[in-house]
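Enquirer: Quick one, run_27.txt (compact mmCIF, N, CA and C atoms):
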```txt
# COMPACT_ATOMS: atom_id res chain seq x y z
N MET A 1 110.55 89.83 118.71
CA MET A 1 109.36 89.02 118.62
C MET A 1 108.83 88.66 120.02
N GLU A 2 109.72 88.69 121.00
CA GLU A 2 109.28 88.41 122.36
C GLU A 2 108.29 89.47 122.84
N ASN A 3 108.54 90.72 122.46
CA ASN A 3 107.62 91.80 122.84
C ASN A 3 106.24 91.58 122.23
N VAL A 4 106.20 91.06 121.02
CA VAL A 4 104.91 90.80 120.37
C VAL A 4 104.12 89.79 121.20
N ARG A 5 104.79 88.73 121.64
CA ARG A 5 104.11 87.72 122.46
C ARG A 5 103.60 88.32 123.76
N ARG A 6 104.42 89.16 124.37
CA ARG A 6 104.01 89.79 125.63
C ARG A 6 102.81 90.71 125.44
N TYR A 7 102.86 91.54 124.40
CA TYR A 7 101.75 92.45 124.15
C TYR A 7 100.46 91.69 123.85
N ARG A 8 100.57 90.62 123.07
CA ARG A 8 99.38 89.84 122.75
C ARG A 8 98.84 89.13 124.00
N ALA A 9 99.73 88.67 124.87
CA ALA A 9 99.29 88.03 126.11
C ALA A 9 98.59 89.05 127.00
N LEU A 10 99.12 90.26 127.09
CA LEU A 10 98.48 91.30 127.89
C LEU A 10 97.11 91.67 127.33
N ALA A 11 97.03 91.75 126.01
CA ALA A 11 95.74 92.05 125.38
C ALA A 11 94.73 90.96 125.69
N SER A 12 95.16 89.72 125.65
CA SER A 12 94.27 88.60 125.96
C SER A 12 93.79 88.66 127.40
N LEU A 13 94.71 88.97 128.31
CA LEU A 13 94.32 89.09 129.73
C LEU A 13 93.31 90.22 129.94
N CYS A 14 93.52 91.33 129.24
CA CYS A 14 92.57 92.44 129.36
C CYS A 14 91.18 92.03 128.87
N ARG A 15 91.14 91.31 127.76
CA ARG A 15 89.83 90.86 127.24
C ARG A 15 89.17 89.86 128.20
N GLN A 16 89.96 88.98 128.79
CA GLN A 16 89.40 88.03 129.76
C GLN A 16 88.85 88.75 130.97
N GLN A 17 89.61 89.72 131.47
CA GLN A 17 89.14 90.49 132.62
C GLN A 17 87.87 91.29 132.28
N ALA A 18 87.79 91.78 131.07
CA ALA A 18 86.60 92.53 130.65
C ALA A 18 85.36 91.65 130.72
N ALA A 19 85.52 90.36 130.45
CA ALA A 19 84.38 89.45 130.50
C ALA A 19 83.88 89.26 131.93
N TYR A 20 84.79 89.36 132.89
CA TYR A 20 84.42 89.14 134.29
C TYR A 20 84.16 90.43 135.07
N ARG A 21 84.48 91.56 134.49
CA ARG A 21 84.28 92.85 135.15
C ARG A 21 83.49 93.79 134.24
N PRO A 22 82.19 93.62 134.20
CA PRO A 22 81.39 94.41 133.26
C PRO A 22 81.47 95.92 133.49
N LEU A 23 81.69 96.35 134.72
CA LEU A 23 81.76 97.79 134.98
C LEU A 23 83.05 98.41 134.43
N GLN A 24 84.06 97.61 134.27
CA GLN A 24 85.35 98.11 133.76
C GLN A 24 85.62 97.61 132.34
N SER A 25 84.64 96.99 131.73
CA SER A 25 84.90 96.32 130.45
C SER A 25 85.39 97.27 129.36
N TRP A 26 84.81 98.47 129.27
CA TRP A 26 85.23 99.38 128.19
C TRP A 26 86.67 99.82 128.37
N ASP A 27 87.06 100.08 129.60
CA ASP A 27 88.44 100.47 129.86
C ASP A 27 89.40 99.32 129.55
N LEU A 28 89.04 98.12 129.97
CA LEU A 28 89.88 96.96 129.72
C LEU A 28 89.97 96.63 128.23
N LEU A 29 88.87 96.77 127.52
CA LEU A 29 88.90 96.53 126.08
C LEU A 29 89.74 97.59 125.36
N GLY A 30 89.72 98.80 125.87
CA GLY A 30 90.58 99.84 125.32
C GLY A 30 92.05 99.53 125.54
N GLN A 31 92.36 99.01 126.72
CA GLN A 31 93.74 98.60 126.99
C GLN A 31 94.16 97.45 126.08
N ALA A 32 93.24 96.50 125.87
CA ALA A 32 93.54 95.39 124.98
C ALA A 32 93.85 95.89 123.57
N GLU A 33 93.06 96.84 123.10
CA GLU A 33 93.29 97.41 121.77
C GLU A 33 94.65 98.10 121.71
N HIS A 34 95.01 98.79 122.79
CA HIS A 34 96.32 99.46 122.85
C HIS A 34 97.46 98.43 122.75
N PHE A 35 97.35 97.33 123.49
CA PHE A 35 98.39 96.31 123.44
C PHE A 35 98.47 95.65 122.06
N GLU A 36 97.33 95.46 121.42
CA GLU A 36 97.34 94.91 120.06
C GLU A 36 98.02 95.88 119.09
N HIS A 37 97.78 97.16 119.28
CA HIS A 37 98.44 98.17 118.44
C HIS A 37 99.95 98.11 118.64
N LEU A 38 100.40 97.98 119.89
CA LEU A 38 101.83 97.88 120.17
C LEU A 38 102.42 96.63 119.51
N ALA A 39 101.68 95.53 119.55
CA ALA A 39 102.15 94.29 118.93
C ALA A 39 102.29 94.47 117.42
N GLU A 40 101.32 95.11 116.79
CA GLU A 40 101.39 95.35 115.35
C GLU A 40 102.56 96.26 115.00
N THR A 41 102.82 97.26 115.84
CA THR A 41 103.94 98.17 115.61
C THR A 41 105.26 97.41 115.69
N GLU A 42 105.38 96.53 116.69
CA GLU A 42 106.59 95.71 116.83
C GLU A 42 106.77 94.79 115.62
N LEU A 43 105.69 94.17 115.16
CA LEU A 43 105.78 93.28 114.00
C LEU A 43 106.21 94.04 112.76
N LYS A 44 105.64 95.22 112.56
CA LYS A 44 106.00 96.02 111.40
C LYS A 44 107.48 96.39 111.46
N ALA A 45 107.96 96.80 112.61
CA ALA A 45 109.37 97.15 112.75
C ALA A 45 110.27 95.94 112.47
N HIS A 46 109.85 94.78 112.95
CA HIS A 46 110.64 93.57 112.74
C HIS A 46 110.73 93.23 111.25
N PHE A 47 109.60 93.25 110.55
CA PHE A 47 109.60 92.90 109.14
C PHE A 47 110.25 93.98 108.28
N ASP A 48 110.14 95.23 108.68
CA ASP A 48 110.85 96.29 107.96
C ASP A 48 112.36 96.06 108.06
N ALA A 49 112.83 95.69 109.26
CA ALA A 49 114.25 95.41 109.44
C ALA A 49 114.69 94.20 108.63
N CYS A 50 113.87 93.17 108.60
CA CYS A 50 114.18 91.98 107.80
C CYS A 50 114.25 92.31 106.32
N ASN A 51 113.29 93.09 105.85
CA ASN A 51 113.27 93.47 104.43
C ASN A 51 114.46 94.35 104.07
N ALA A 52 114.85 95.24 104.97
CA ALA A 52 116.01 96.10 104.72
C ALA A 52 117.28 95.24 104.65
N GLN A 53 117.41 94.27 105.54
CA GLN A 53 118.57 93.40 105.52
C GLN A 53 118.62 92.58 104.23
N ARG A 54 117.46 92.10 103.80
CA ARG A 54 117.40 91.32 102.56
C ARG A 54 117.81 92.17 101.37
N ALA A 55 117.34 93.41 101.35
CA ALA A 55 117.71 94.31 100.25
C ALA A 55 119.22 94.56 100.25
N ASN A 56 119.80 94.73 101.44
CA ASN A 56 121.25 94.92 101.54
C ASN A 56 122.00 93.68 101.06
N ASP A 57 121.50 92.50 101.45
CA ASP A 57 122.14 91.25 101.03
C ASP A 57 122.07 91.08 99.52
N GLU A 58 120.92 91.40 98.93
CA GLU A 58 120.76 91.28 97.48
C GLU A 58 121.66 92.27 96.75
N ALA A 59 121.79 93.48 97.28
CA ALA A 59 122.66 94.48 96.66
C ALA A 59 124.12 94.03 96.74
N ALA A 60 124.52 93.46 97.87
CA ALA A 60 125.89 92.97 98.01
C ALA A 60 126.15 91.80 97.07
N ALA A 61 125.17 90.91 96.92
CA ALA A 61 125.33 89.77 96.02
C ALA A 61 125.45 90.25 94.57
N ALA A 62 124.64 91.23 94.20
CA ALA A 62 124.70 91.76 92.84
C ALA A 62 126.04 92.43 92.58
N LYS A 63 126.55 93.14 93.56
CA LYS A 63 127.86 93.80 93.42
C LYS A 63 128.95 92.74 93.28
N TRP A 64 128.86 91.68 94.07
CA TRP A 64 129.85 90.60 94.00
C TRP A 64 129.81 89.92 92.63
N GLU A 65 128.60 89.65 92.13
CA GLU A 65 128.47 89.00 90.83
C GLU A 65 129.03 89.89 89.72
N ALA A 66 128.76 91.19 89.82
CA ALA A 66 129.28 92.12 88.80
C ALA A 66 130.81 92.16 88.86
N HIS A 67 131.35 92.13 90.05
CA HIS A 67 132.80 92.15 90.22
C HIS A 67 133.42 90.85 89.71
N ALA A 68 132.77 89.72 90.00
CA ALA A 68 133.28 88.42 89.58
C ALA A 68 133.21 88.26 88.05
N ALA A 69 132.20 88.86 87.42
CA ALA A 69 132.03 88.75 85.99
C ALA A 69 133.07 89.61 85.22
N ALA A 70 133.60 90.60 85.90
CA ALA A 70 134.54 91.51 85.24
C ALA A 70 135.89 90.92 85.15
```
Have the structure of the file written as structure tokens, please.
Expert:
Amino acid sequence: MENVRRYRALASLCRQQAAYRPLQSWDLLGQAEHFEHLAETELKAHFDACNAQRANDEAAAAKWEAHAAA
């Protein structure tokens, strides 16, 4: 999650610089979009890992309950 914060901060800085540098604004806005994409990729990976862990935990709990019921 720290990477997400960093990427979003970099994207924000790029957008701020684009406001003050009109000749470079398109390049800076492109960089901002790239950093936002990286942040979204990191978030997706984080939540995919969380969901996989939850599924594993639920499967282990179900196995334990089935074993305990027997």
Enquirer: Name all residues at most 12 Å from Gln31 of chain A (count only C-alpha atoms; drop same-chain ones fewer than 2 positions away) and give them as a list in words.
Expert: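 That gives Tyr7, Arg8, Ala9, Leu10, Ala11, Ser12, Leu13, Cys14, Arg15, Gln16, Gln17, Ala18, Gln24, Ser25, Trp26, Asp27, Leu28, Leu29, Glu33, His34, Phe35, Glu36, His37 and Leu38 of chain A.
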Enquirer: Mind dumping the selected residues with N, CA and C atoms as a PDB file, keeping the file's coordinate frame?
Expert:
```pdb
ATOM      1  N   TYR A   7     102.860  91.540 124.400  1.00  0.00           N
ATOM      2  CA  TYR A   7     101.750  92.450 124.150  1.00  0.00           C
ATOM      3  C   TYR A   7     100.460  91.690 123.850  1.00  0.00           C
ATOM      4  N   ARG A   8     100.570  90.620 123.070  1.00  0.00           N
ATOM      5  CA  ARG A   8      99.380  89.840 122.750  1.00  0.00           C
ATOM      6  C   ARG A   8      98.840  89.130 124.000  1.00  0.00           C
ATOM      7  N   ALA A   9      99.730  88.670 124.870  1.00  0.00           N
ATOM      8  CA  ALA A   9      99.290  88.030 126.110  1.00  0.00           C
ATOM      9  C   ALA A   9      98.590  89.050 127.000  1.00  0.00           C
ATOM     10  N   LEU A  10      99.120  90.260 127.090  1.00  0.00           N
ATOM     11  CA  LEU A  10      98.480  91.300 127.890  1.00  0.00           C
ATOM     12  C   LEU A  10      97.110  91.670 127.330  1.00  0.00           C
ATOM     13  N   ALA A  11      97.030  91.750 126.010  1.00  0.00           N
ATOM     14  CA  ALA A  11      95.740  92.050 125.380  1.00  0.00           C
ATOM     15  C   ALA A  11      94.730  90.960 125.690  1.00  0.00           C
ATOM     16  N   SER A  12      95.160  89.720 125.650  1.00  0.00           N
ATOM     17  CA  SER A  12      94.270  88.600 125.960  1.00  0.00           C
ATOM     18  C   SER A  12      93.790  88.660 127.400  1.00  0.00           C
ATOM     19  N   LEU A  13      94.710  88.970 128.310  1.00  0.00           N
ATOM     20  CA  LEU A  13      94.320  89.090 129.730  1.00  0.00           C
ATOM     21  C   LEU A  13      93.310  90.220 129.940  1.00  0.00           C
ATOM     22  N   CYS A  14      93.520  91.330 129.240  1.00  0.00           N
ATOM     23  CA  CYS A  14      92.570  92.440 129.360  1.00  0.00           C
ATOM     24  C   CYS A  14      91.180  92.030 128.870  1.00  0.00           C
ATOM     25  N   ARG A  15      91.140  91.310 127.760  1.00  0.00           N
ATOM     26  CA  ARG A  15      89.830  90.860 127.240  1.00  0.00           C
ATOM     27  C   ARG A  15      89.170  89.860 128.200  1.00  0.00           C
ATOM     28  N   GLN A  16      89.960  88.980 128.790  1.00  0.00           N
ATOM     29  CA  GLN A  16      89.400  88.030 129.760  1.00  0.00           C
ATOM     30  C   GLN A  16      88.850  88.750 130.970  1.00  0.00           C
ATOM     31  N   GLN A  17      89.610  89.720 131.470  1.00  0.00           N
ATOM     32  CA  GLN A  17      89.140  90.490 132.620  1.00  0.00           C
ATOM     33  C   GLN A  17      87.870  91.290 132.280  1.00  0.00           C
ATOM     34  N   ALA A  18      87.790  91.780 131.070  1.00  0.00           N
ATOM     35  CA  ALA A  18      86.600  92.530 130.650  1.00  0.00           C
ATOM     36  C   ALA A  18      85.360  91.650 130.720  1.00  0.00           C
ATOM     37  N   GLN A  24      84.060  97.610 134.270  1.00  0.00           N
ATOM     38  CA  GLN A  24      85.350  98.110 133.760  1.00  0.00           C
ATOM     39  C   GLN A  24      85.620  97.610 132.340  1.00  0.00           C
ATOM     40  N   SER A  25      84.640  96.990 131.730  1.00  0.00           N
ATOM     41  CA  SER A  25      84.900  96.320 130.450  1.00  0.00           C
ATOM     42  C   SER A  25      85.390  97.270 129.360  1.00  0.00           C
ATOM     43  N   TRP A  26      84.810  98.470 129.270  1.00  0.00           N
ATOM     44  CA  TRP A  26      85.230  99.380 128.190  1.00  0.00           C
ATOM     45  C   TRP A  26      86.670  99.820 128.370  1.00  0.00           C
ATOM     46  N   ASP A  27      87.060 100.080 129.600  1.00  0.00           N
ATOM     47  CA  ASP A  27      88.440 100.470 129.860  1.00  0.00           C
ATOM     48  C   ASP A  27      89.400  99.320 129.550  1.00  0.00           C
ATOM     49  N   LEU A  28      89.040  98.120 129.970  1.00  0.00           N
ATOM     50  CA  LEU A  28      89.880  96.960 129.720  1.00  0.00           C
ATOM     51  C   LEU A  28      89.970  96.630 128.230  1.00  0.00           C
ATOM     52  N   LEU A  29      88.870  96.770 127.520  1.00  0.00           N
ATOM     53  CA  LEU A  29      88.900  96.530 126.080  1.00  0.00           C
ATOM     54  C   LEU A  29      89.740  97.590 125.360  1.00  0.00           C
ATOM     55  N   GLU A  33      93.060  96.840 123.100  1.00  0.00           N
ATOM     56  CA  GLU A  33      93.290  97.410 121.770  1.00  0.00           C
ATOM     57  C   GLU A  33      94.650  98.100 121.710  1.00  0.00           C
ATOM     58  N   HIS A  34      95.010  98.790 122.790  1.00  0.00           N
ATOM     59  CA  HIS A  34      96.320  99.460 122.850  1.00  0.00           C
ATOM     60  C   HIS A  34      97.460  98.430 122.750  1.00  0.00           C
ATOM     61  N   PHE A  35      97.350  97.330 123.490  1.00  0.00           N
ATOM     62  CA  PHE A  35      98.390  96.310 123.440  1.00  0.00           C
ATOM     63  C   PHE A  35      98.470  95.650 122.060  1.00  0.00           C
ATOM     64  N   GLU A  36      97.330  95.460 121.420  1.00  0.00           N
ATOM     65  CA  GLU A  36      97.340  94.910 120.060  1.00  0.00           C
ATOM     66  C   GLU A  36      98.020  95.880 119.090  1.00  0.00           C
ATOM     67  N   HIS A  37      97.780  97.160 119.280  1.00  0.00           N
ATOM     68  CA  HIS A  37      98.440  98.170 118.440  1.00  0.00           C
ATOM     69  C   HIS A  37      99.950  98.110 118.640  1.00  0.00           C
ATOM     70  N   LEU A  38     100.400  97.980 119.890  1.00  0.00           N
ATOM     71  CA  LEU A  38     101.830  97.880 120.170  1.00  0.00           C
ATOM     72  C   LEU A  38     102.420  96.630 119.510  1.00  0.00           C
TER      73      LEU A  38
END
```
Enquirer: For segment 23-40 of chain A, I'd like the enclosing box, axis-aligned and padded by 6 Å on every side, reported as lines of an AutoDock Vina configuration file with centre and edge lengths in Å to one decimal.
Expert:
```
center_x = 92.1
center_y = 97.4
center_z = 125.0
size_x = 32.9
size_y = 18.2
size_z = 32.0
```
Enquirer: What does the distance from atom C of Asn3 of chain A to atom CA of Ala39 of chain A come to in Å, to one decimal?
Expert: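 So the answer is 5.9 Å.
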